[in-house]
Every structure is written in C-alpha cells, then in structure tokens.
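Engineer: Sharing a structure with you now.
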Amino acid sequence: KKIGRELVVHAFKLWFVIQSPSTPATIKGPLIAALVYLGCPVDAVPDMLPIVGFSDDAGLVAGALAAAHLYITDDIAAQARAQADALFG
C-alpha cells in the first residue's frame, strides 16, 4: 500500500502509545484493532479506488487518535516523526 506520510506518522503514534506502559489495556485494545485493520489488505473501501480508497483507513486512524490523545506525549510524537522520516527518507 502506498499511503500518505501523515497517515503513517499517525499510525506510528498509535504504535508507540500501544508500547507505552502508561497506556491502559482498555485503550490499547482498540488501538491494536485499528492498526490491524490499517494493515489488512481487505478493506471496507478498497484502497485502489481514487480519492476515497483510504477514507476508511484515515477515519479509523482519526478515531483511534481521538481515543489515544491523552497518551500521545511529545516524545511519542517525536518518535513517530523519526520513524516516518526513516521510512520515507
């Protein structure tokens, strides 16, 4: 999948929130589900469709970010950007 850099940054934020010991399990579960869906090749809206293909992925990540926002520290945001920079060059 070729998805936008910002979506990847947000996915990394979710990943690092999941890894954080201060994040409660009740938050981690839905975040894990969101990342699994993001990586799944079968989507509600096929990614190959122009313009709308990633709308379900983006919406799901936005919802997960809303649930995780209290746990996204400056350090987690910086880690996410660094990982995206390493990935995208």
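The chains in the structure tokens are called A, B, ... from first to last as shown; in each chain the residues are counted from 1, and the ligands are counted from 1 in the order shown.
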DSSP on the backbone: which residues in chain A end up as alpha helix (DSSP H)? Give the answer as a PyMOL selection string.

Structural biologist: chain A and resi 5-19+25-39+55-68+74-88

Engineer: Quick one: residues within 12 Å of Val8 of chain A, only C-alpha atoms counted, chain neighbours fewer than 5 positions away excluded, as a short mmCIF file (atom, residue, chain, number, x, y, z; two decimals) with N, CA, C and O atoms, in the first residue's frame?

Structural biologist:
```cif
data_model
loop_
_atom_site.label_atom_id
_atom_site.label_comp_id
_atom_site.auth_asym_id
_atom_site.auth_seq_id
_atom_site.Cartn_x
_atom_site.Cartn_y
_atom_site.Cartn_z
N LYS A 1 0.84 -1.19 0.00
CA LYS A 1 0.00 0.00 0.00
C LYS A 1 0.88 1.25 0.00
O LYS A 1 1.87 1.33 0.69
N LYS A 2 0.44 2.17 -0.77
CA LYS A 2 1.14 3.45 -0.77
C LYS A 2 0.19 4.48 -0.16
O LYS A 2 -0.79 4.86 -0.77
N ILE A 3 0.44 4.83 1.07
CA ILE A 3 -0.46 5.76 1.75
C ILE A 3 0.31 7.01 2.15
O ILE A 3 1.53 7.03 2.15
N LYS A 13 2.33 6.83 15.80
CA LYS A 13 1.91 7.36 17.11
C LYS A 13 1.09 6.30 17.85
O LYS A 13 1.32 6.06 19.04
N LEU A 14 0.15 5.70 17.15
CA LEU A 14 -0.66 4.66 17.78
C LEU A 14 0.21 3.50 18.25
O LEU A 14 0.02 2.97 19.35
N TRP A 15 1.15 3.11 17.41
CA TRP A 15 2.04 2.00 17.77
C TRP A 15 2.83 2.31 19.04
O TRP A 15 2.93 1.48 19.95
N LEU A 35 -4.84 -0.65 14.06
CA LEU A 35 -3.61 -0.90 13.30
C LEU A 35 -3.71 -2.18 12.48
O LEU A 35 -3.20 -2.24 11.36
N LEU A 38 -5.72 -1.31 9.49
CA LEU A 38 -4.92 -0.48 8.58
C LEU A 38 -3.99 -1.35 7.73
O LEU A 38 -3.80 -1.09 6.55
N GLY A 39 -3.45 -2.39 8.33
CA GLY A 39 -2.53 -3.26 7.60
C GLY A 39 -3.21 -4.37 6.82
O GLY A 39 -2.57 -5.07 6.03
N ASP A 57 -9.54 3.97 6.10
CA ASP A 57 -8.32 3.87 6.88
C ASP A 57 -8.09 5.17 7.67
O ASP A 57 -7.81 5.13 8.87
N ALA A 58 -8.22 6.29 6.99
CA ALA A 58 -8.00 7.59 7.63
C ALA A 58 -9.02 7.83 8.73
O ALA A 58 -8.67 8.34 9.81
N VAL A 61 -8.12 5.63 11.76
CA VAL A 61 -6.95 6.16 12.46
C VAL A 61 -7.32 7.43 13.22
O VAL A 61 -6.89 7.63 14.36
N ALA A 62 -8.16 8.29 12.64
CA ALA A 62 -8.60 9.50 13.33
C ALA A 62 -9.36 9.16 14.61
O ALA A 62 -9.15 9.78 15.66
N ALA A 77 5.24 11.55 19.86
CA ALA A 77 5.08 12.26 18.58
C ALA A 77 6.42 12.37 17.87
O ALA A 77 6.50 12.18 16.64
N ALA A 80 7.42 9.00 16.43
CA ALA A 80 6.62 8.70 15.25
C ALA A 80 7.15 9.44 14.02
O ALA A 80 7.27 8.87 12.94
N ARG A 81 7.47 10.72 14.20
CA ARG A 81 8.02 11.50 13.08
C ARG A 81 9.37 10.93 12.64
O ARG A 81 9.65 10.84 11.44
N ALA A 82 10.19 10.55 13.60
CA ALA A 82 11.51 9.98 13.27
C ALA A 82 11.37 8.68 12.49
O ALA A 82 12.10 8.45 11.51
N GLN A 83 10.43 7.84 12.88
CA GLN A 83 10.21 6.58 12.15
C GLN A 83 9.71 6.86 10.74
O GLN A 83 10.11 6.19 9.79
N ALA A 84 8.79 7.82 10.61
CA ALA A 84 8.29 8.16 9.27
C ALA A 84 9.41 8.73 8.41
O ALA A 84 9.52 8.42 7.22
N ASP A 85 10.27 9.57 9.01
CA ASP A 85 11.41 10.13 8.28
C ASP A 85 12.34 9.01 7.79
O ASP A 85 12.80 9.04 6.64
N ALA A 86 12.57 8.03 8.65
CA ALA A 86 13.42 6.90 8.26
C ALA A 86 12.79 6.08 7.15
O ALA A 86 13.48 5.60 6.24
N LEU A 87 11.48 5.96 7.18
CA LEU A 87 10.76 5.18 6.17
C LEU A 87 10.69 5.90 4.83
O LEU A 87 10.91 5.30 3.79
N PHE A 88 10.39 7.19 4.88
CA PHE A 88 10.20 7.96 3.66
C PHE A 88 11.47 8.63 3.16
O PHE A 88 11.51 9.12 2.04
#
```

Engineer: Would you mind listing what lies within 10 Å of Pro46 of chain A as a PyMOL selection string, with only C-alpha atoms counted and same-chain residues fewer than 4 positions away left out?

Structural biologist: chain A and resi 41-42+50+52-57
